[in-house]
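The structure appears below as C-alpha cells.
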2 protein chains.
Amino acid sequence: MIFDADHSAEPALARADFPAEAAVVSADSRGRILAAAYELFSRRGVRDVGVNELIERSGVAKATFYRHFPSKDALVLAFLEQRDQLWTVDFIVGQAKLRGTTPTEQLLAIFDVFGDWFLRDDFEACSFINILLEMGPAHPLGLASIDYLARIRGHVQALAEQAGLDRPEDFARSWHILMKGSIVSATEGDIQAAKRAQQMAGWLIEHHRS
Amino acid sequence: MIFDADHSAEPALARADFPAEAAVVSADSRGRILAAAYELFSRRGVRDVGVNELIERSGVAKATFYRHFPSKDALVLAFLEQRDQLWTVDFIVGQAKLRGTTPTEQLLAIFDVFGDWFLRDDFEACSFINILLEMGPAHPLGLASIDYLARIRGHVQALAEQAGLDRPEDFARSWHILMKGSIVSATEGDIQAAKRAQQMAGWLIEHHRS
DNA sequence: CCGAGGGCAGACAGACCGGTCTTACTCACG
DNA sequence: CGTGAGTAAGACCGGTCTGTCTGCCCTCGG
C-alpha cells in the first residue's frame with residue numbers, strides 16, 4: 001500500500017509532551033481507525049462518538065472498520081489499551097520519572113505533570129474514569145477501565161516500594177484518591193487542584209515513612 | 001424560585017438513611033415524573049434513561065410529560081435541584097451534622113456517612129460528577145453540575161469557618177478533592193475509600209488550625 | 001346536560017444508532 | 001490475463017432517540 005498523499009488531516013503535532021493525537025499515523029486502515037478513535041474518544045467520550053463519525057474521520061469504509069474490529073466496544077477496548085500506553089505510561093509516569101531523581105521526588109512530580117496537563121486547552125479528564133462512570137462498573141468497558149486504573153495504582157505502588165514506604169498498597173490507594181479527586185476538580189475549573197493534591201500527597205508520604 | 005405548596009413534599013424523608021427513592025410518591029403527574037426521574041437518573045445516569053422509559057415508569061402520557069417539562073434537559077435540571085436537596089443537604093450534610101457535635105467532628109463525619117453510603121447496594125456515585133464528566137464542563141447540564149458541586153464545597157467551607165480553620169475556601173477545595181476521589185475509588189470497588197480519605201482529611205484539618 | 005380541559009394511549013416524524021451487505025474499483029501475484 | 005484480497009462508498013436494516021400530534025376518556029363547573 002502506497003501512501004495516500006491526501007490522507008486526511010493529521011496535524012501530527014510532534015509535541016514533546018503528552019501526545020494527544022500522536023497516536024501513530026499509520027498508513028494502514030487499522031491504524032487510521034485507532035488514531036481517529038484516540039482523538040475522538042479521549043476528547044468527547046465514548047458515547048458521544050458514533051461509528052459513522054469514526055469512519056468518516058479515518059477515511060475508511062464501514063466494512064473495513066468491521067473487518068478490523070468486530071464491534072464498537074472492541075474498538076473502545078483497543079483505545080483503552082492505547083490510552084494506557086500513551087497517557088499513563090508515556091506521559092504521566094514517564095514525565096514524572098524524568099522530573100524527579102529519587103522515587104519520592106518522582107511520586108510528587110506526578111502532580112507537577114498533572115498541573116501542566118490541567119492547563120492544556122485540550123484537557124479532557126481521565127478516559128478511564130469517564131468510561132467507568134459512563135458505563136458503570138458492571139459493564140465490560142467499565143471493568144476494563146477499573147483494570148487500567150489499577151495499573152496506574154501499580155505504578156504508584158512500585159515507586160512507593162522503591163522509596164521504602166510503609167504499606168505500599170494502602171499508600172497507592174490513598175494516593176490514587178488524590179489523583180482522581182484532583183482530576184475531577186480540574187474539570188470543574190480549579191486551576192490549582194494539582195497543587196492542593198500535591199500538598200496532601202506530601203503529608204501522605206510522611207505518614208508512610210518507616 | 002417560589003415554593004409551591006404542593007411542591008412534592010418530603011414525607012418519607014424521615015428515613016434515617018439516604019432516601020434513594022423517598023422522592024415522594026405524589027399524586028400529580030409532575031411529581032410522578034420527578035420521582036421517576038430521580039430514581040432512574042441517580043441510578044443509571046442521564047444518557048441511559050430515555051423519555052419513553054420515564055413516561056412508562058411514571059405512568060404518564062408523553063404529552064403530559066412535555067406539558068410539565070419543555071425538554072428532557074429541563075427535567076434533568078429539575079432532577080439536579082432535587083438531588084441537591086435530598087442527597088447533599090438532607091443526606092450528606094444532614095447526617096454529618098447529626099453524627100458530630102463540634103464543627104470539626106461534623107466535617108470528619110462526612111466520611112463516616114460516605115462509608116455507609118459506599119456500602120449500599122444501590123450506591124451509584126455522585127450524580128453531579130457523573131453528569132459533569134458525561135456532558136462536559138461546557139454543556140448546560142455540566143455547568144449546572146459544577147454549580148451544585150460548588151454548593152457542596154460551600155457547606156464544607158461553612159463548617160470550616162465555624163471550626164475557625166485557616167483559609168476556609170482553600171480548605172474546602174482540598175477537602176472536596178478527598179470527597180470526589182473517594183467516590184471514584186468506591187465506584188472502582190475500594191470499600192475502604194472513605195476511611196482512607198478521612199485519614200487524609202484529618203491531616204488537612206491539622207494543617208489549617210490557627 | 002354540555003362544553004372545556006387535563007390526562008392517557010399511542011402513532012408518527014426525523015434523526016441517529018450499531019451493524020450488515022452490495023457494488024465497484026485497485027492492485028499484487030501466479 | 002485471471003483471480004482473489006482489500007478497500008471505498010454507501011444503501012439498507014432494525015432499533016432507539018427526542019419531540020409532536022391526534023384521538024379518546026374522564027371529570028368538573030355552569
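Following the order of the C-alpha cells, first chain is A, next is B, and so on, with residues numbered from 1 inside each chain and ligands from 1 in the order they appear.
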
Query raised in the report: Using only C-alpha atoms (C1' of nucleotides), which residues sit within 9 Å of C:DA9 once same-chain residues fewer than 6 positions away are excluded, as a PyMOL selection string?
Result: (chain B and resi 61-62) or (chain D and resi 23-24)

Can you write just those residues out, C-alpha atoms (C1' of nucleotides), as a tab-separated table (two decimals), in the first residue's frame?
chain	number	residue	atom	x	y	z
B	61	ALA	CA	-48.63	10.33	28.75
B	62	LYS	CA	-45.94	11.78	26.59
D	23	DG	C1'	-57.65	10.63	19.31
D	24	DC	C1'	-60.43	9.36	23.25

Query raised in the report: Can you list, as a ChimeraX atom specification, every protein, DNA or RNA residue that comes within 7 Å of stretch 163-173 of chain B when you count only C-alpha atoms (C1' of nucleotides), leaving out same-chain residues fewer than 5 positions away?
Result: /B:103-104,153,156-157,208-210

Query - Distance-based interface of chain D with chain B, 10 Å, counting only C-alpha atoms (C1' of nucleotides), as a PyMOL selection string - result: chain D and resi 16-21

Report task. Tell me the residues of chain C close to chain B, meaning within 12 Å using only C-alpha atoms (C1' of nucleotides), as a PyMOL selection string. Result -> chain C and resi 6-11

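Proximity to chain B at a cut-off of 8 Å picks out A:Arg44, A:Gly45, A:Ala125, A:Ile129, A:Asn130, A:Leu133, A:Glu134, A:Gly136, A:Pro137, A:Ile146, A:Arg173, A:Ser174, A:His176, A:Ile177, A:Leu178, A:Met179, A:Lys180, A:Gly181, A:Ser182, A:Val184, A:Ser185, A:Thr187, A:Glu188, A:Ala193, A:Arg196, A:Ala197, A:Met200, A:Trp203, A:Leu204 on chain A, counting only C-alpha atoms.
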
Store the residues picked out above in a file with N, CA and C atoms, as a PDB file, in the first residue's frame.
ATOM      1  N   ARG A  44     -14.056  13.521  23.659  1.00  0.00           N
ATOM      2  CA  ARG A  44     -15.500  13.696  23.777  1.00  0.00           C
ATOM      3  C   ARG A  44     -16.198  12.510  24.416  1.00  0.00           C
ATOM      4  N   GLY A  45     -15.471  11.508  24.791  1.00  0.00           N
ATOM      5  CA  GLY A  45     -16.108  10.368  25.432  1.00  0.00           C
ATOM      6  C   GLY A  45     -16.573   9.338  24.423  1.00  0.00           C
ATOM      7  N   ALA A 125      -9.957  15.375  30.985  1.00  0.00           N
ATOM      8  CA  ALA A 125     -10.114  14.463  32.110  1.00  0.00           C
ATOM      9  C   ALA A 125      -9.579  13.072  31.762  1.00  0.00           C
ATOM     10  N   ILE A 129     -11.681   7.051  34.053  1.00  0.00           N
ATOM     11  CA  ILE A 129     -12.739   7.497  34.968  1.00  0.00           C
ATOM     12  C   ILE A 129     -14.005   7.802  34.189  1.00  0.00           C
ATOM     13  N   ASN A 130     -13.860   8.504  33.082  1.00  0.00           N
ATOM     14  CA  ASN A 130     -15.033   8.865  32.291  1.00  0.00           C
ATOM     15  C   ASN A 130     -15.821   7.626  31.880  1.00  0.00           C
ATOM     16  N   LEU A 133     -17.491   5.773  34.844  1.00  0.00           N
ATOM     17  CA  LEU A 133     -18.713   6.402  35.344  1.00  0.00           C
ATOM     18  C   LEU A 133     -19.807   6.399  34.287  1.00  0.00           C
ATOM     19  N   GLU A 134     -19.399   6.441  33.027  1.00  0.00           N
ATOM     20  CA  GLU A 134     -20.382   6.500  31.942  1.00  0.00           C
ATOM     21  C   GLU A 134     -21.075   5.153  31.758  1.00  0.00           C
ATOM     22  N   GLY A 136     -20.667   2.393  33.933  1.00  0.00           N
ATOM     23  CA  GLY A 136     -20.930   1.684  35.175  1.00  0.00           C
ATOM     24  C   GLY A 136     -19.921   0.576  35.389  1.00  0.00           C
ATOM     25  N   PRO A 137     -19.707   0.216  36.661  1.00  0.00           N
ATOM     26  CA  PRO A 137     -18.661  -0.753  36.991  1.00  0.00           C
ATOM     27  C   PRO A 137     -18.995  -2.183  36.568  1.00  0.00           C
ATOM     28  N   ILE A 146     -11.605  -0.171  35.158  1.00  0.00           N
ATOM     29  CA  ILE A 146     -11.141  -0.465  36.518  1.00  0.00           C
ATOM     30  C   ILE A 146      -9.773  -1.130  36.471  1.00  0.00           C
ATOM     31  N   ARG A 173      -3.370   3.345  47.190  1.00  0.00           N
ATOM     32  CA  ARG A 173      -4.819   3.593  47.117  1.00  0.00           C
ATOM     33  C   ARG A 173      -5.158   5.000  47.609  1.00  0.00           C
ATOM     34  N   SER A 174      -4.511   5.428  48.671  1.00  0.00           N
ATOM     35  CA  SER A 174      -4.755   6.794  49.138  1.00  0.00           C
ATOM     36  C   SER A 174      -4.244   7.816  48.126  1.00  0.00           C
ATOM     37  N   HIS A 176      -4.010   7.437  44.981  1.00  0.00           N
ATOM     38  CA  HIS A 176      -4.890   7.441  43.826  1.00  0.00           C
ATOM     39  C   HIS A 176      -6.140   8.286  44.088  1.00  0.00           C
ATOM     40  N   ILE A 177      -6.598   8.286  45.333  1.00  0.00           N
ATOM     41  CA  ILE A 177      -7.735   9.150  45.671  1.00  0.00           C
ATOM     42  C   ILE A 177      -7.395  10.602  45.370  1.00  0.00           C
ATOM     43  N   LEU A 178      -6.169  10.992  45.707  1.00  0.00           N
ATOM     44  CA  LEU A 178      -5.751  12.370  45.435  1.00  0.00           C
ATOM     45  C   LEU A 178      -5.670  12.623  43.940  1.00  0.00           C
ATOM     46  N   MET A 179      -5.161  11.663  43.192  1.00  0.00           N
ATOM     47  CA  MET A 179      -5.062  11.842  41.742  1.00  0.00           C
ATOM     48  C   MET A 179      -6.445  12.012  41.123  1.00  0.00           C
ATOM     49  N   LYS A 180      -7.351  11.119  41.459  1.00  0.00           N
ATOM     50  CA  LYS A 180      -8.678  11.173  40.841  1.00  0.00           C
ATOM     51  C   LYS A 180      -9.467  12.390  41.302  1.00  0.00           C
ATOM     52  N   GLY A 181      -9.354  12.706  42.577  1.00  0.00           N
ATOM     53  CA  GLY A 181     -10.064  13.885  43.064  1.00  0.00           C
ATOM     54  C   GLY A 181      -9.578  15.160  42.404  1.00  0.00           C
ATOM     55  N   SER A 182      -8.266  15.251  42.199  1.00  0.00           N
ATOM     56  CA  SER A 182      -7.752  16.472  41.584  1.00  0.00           C
ATOM     57  C   SER A 182      -8.167  16.561  40.121  1.00  0.00           C
ATOM     58  N   VAL A 184     -11.035  15.509  38.840  1.00  0.00           N
ATOM     59  CA  VAL A 184     -12.408  15.999  38.796  1.00  0.00           C
ATOM     60  C   VAL A 184     -12.452  17.489  39.138  1.00  0.00           C
ATOM     61  N   SER A 185     -11.665  17.894  40.132  1.00  0.00           N
ATOM     62  CA  SER A 185     -11.642  19.313  40.484  1.00  0.00           C
ATOM     63  C   SER A 185     -11.134  20.156  39.323  1.00  0.00           C
ATOM     64  N   THR A 187     -11.496  19.448  36.208  1.00  0.00           N
ATOM     65  CA  THR A 187     -12.588  19.505  35.232  1.00  0.00           C
ATOM     66  C   THR A 187     -13.596  20.569  35.620  1.00  0.00           C
ATOM     67  N   GLU A 188     -13.780  20.733  36.933  1.00  0.00           N
ATOM     68  CA  GLU A 188     -14.680  21.793  37.406  1.00  0.00           C
ATOM     69  C   GLU A 188     -14.106  23.176  37.171  1.00  0.00           C
ATOM     70  N   ALA A 193      -5.819  22.628  41.445  1.00  0.00           N
ATOM     71  CA  ALA A 193      -6.152  21.324  42.012  1.00  0.00           C
ATOM     72  C   ALA A 193      -4.911  20.456  42.194  1.00  0.00           C
ATOM     73  N   ARG A 196      -2.977  21.529  45.333  1.00  0.00           N
ATOM     74  CA  ARG A 196      -3.659  21.097  46.566  1.00  0.00           C
ATOM     75  C   ARG A 196      -3.425  19.607  46.807  1.00  0.00           C
ATOM     76  N   ALA A 197      -3.581  18.825  45.755  1.00  0.00           N
ATOM     77  CA  ALA A 197      -3.389  17.384  45.908  1.00  0.00           C
ATOM     78  C   ALA A 197      -1.939  17.082  46.278  1.00  0.00           C
ATOM     79  N   MET A 200      -1.323  17.503  50.008  1.00  0.00           N
ATOM     80  CA  MET A 200      -1.813  16.372  50.796  1.00  0.00           C
ATOM     81  C   MET A 200      -0.965  15.134  50.531  1.00  0.00           C
ATOM     82  N   TRP A 203       1.949  15.014  52.840  1.00  0.00           N
ATOM     83  CA  TRP A 203       1.615  14.506  54.178  1.00  0.00           C
ATOM     84  C   TRP A 203       1.474  12.988  54.151  1.00  0.00           C
ATOM     85  N   LEU A 204       0.898  12.497  53.063  1.00  0.00           N
ATOM     86  CA  LEU A 204       0.724  11.045  52.970  1.00  0.00           C
ATOM     87  C   LEU A 204       2.075  10.332  52.973  1.00  0.00           C
TER      88      LEU A 204
END

Report task. Quick one: pull the distance between atom CA of B:Glu56 and atom CA of B:Ile33, Å, one decimal. Result -> 9.6 Å

Report task. Give the answer as one residue: which of D:DC13, D:DC1, D:DC25, D:DA8 has the shortest atom-to-atom distance to C:DT23, using only C-alpha atoms (C1' of nucleotides)? Result ->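 Among the listed residues, the smallest separation from C:DT23 belongs to D:DA8.
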
Requested in this report: Within 12 Å of C:DG30, counting only C-alpha atoms (C1' of nucleotides), which residues show up once you throw out same-chain ones fewer than 3 positions away? Write them as a ChimeraX atom specification, please.
Outcome: /D:1-4

**Report entry** Those of stretch 118-152 of chain A in DSSP alpha helix (DSSP H), formatted as a list in words
**Finding:**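 DSSP-assigned alpha helix (DSSP H) residues in stretch 118-152 of chain A: Phe118, Leu119, Ser127, Phe128, Ile129, Asn130, Ile131, Leu132, Leu133, Glu134, Met135, Pro140, Leu141, Gly142, Leu143, Ala144, Ser145, Ile146, Asp147, Tyr148, Leu149, Ala150, Arg151 and Ile152 of chain A.
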
Query raised in the report: Separation of atom CA of B:Ala109 and atom CA of B:Ala96, in Å?
Result: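 Atom-to-atom, atom CA of B:Ala109 to atom CA of B:Ala96, that is 5.0 Å.
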
Query raised in the report: Could you state the separation of atom CA of A:Phe118 and atom CA of A:Ile191 in Å, given to one decimal place?
Result: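 So the answer is 7.0 Å.
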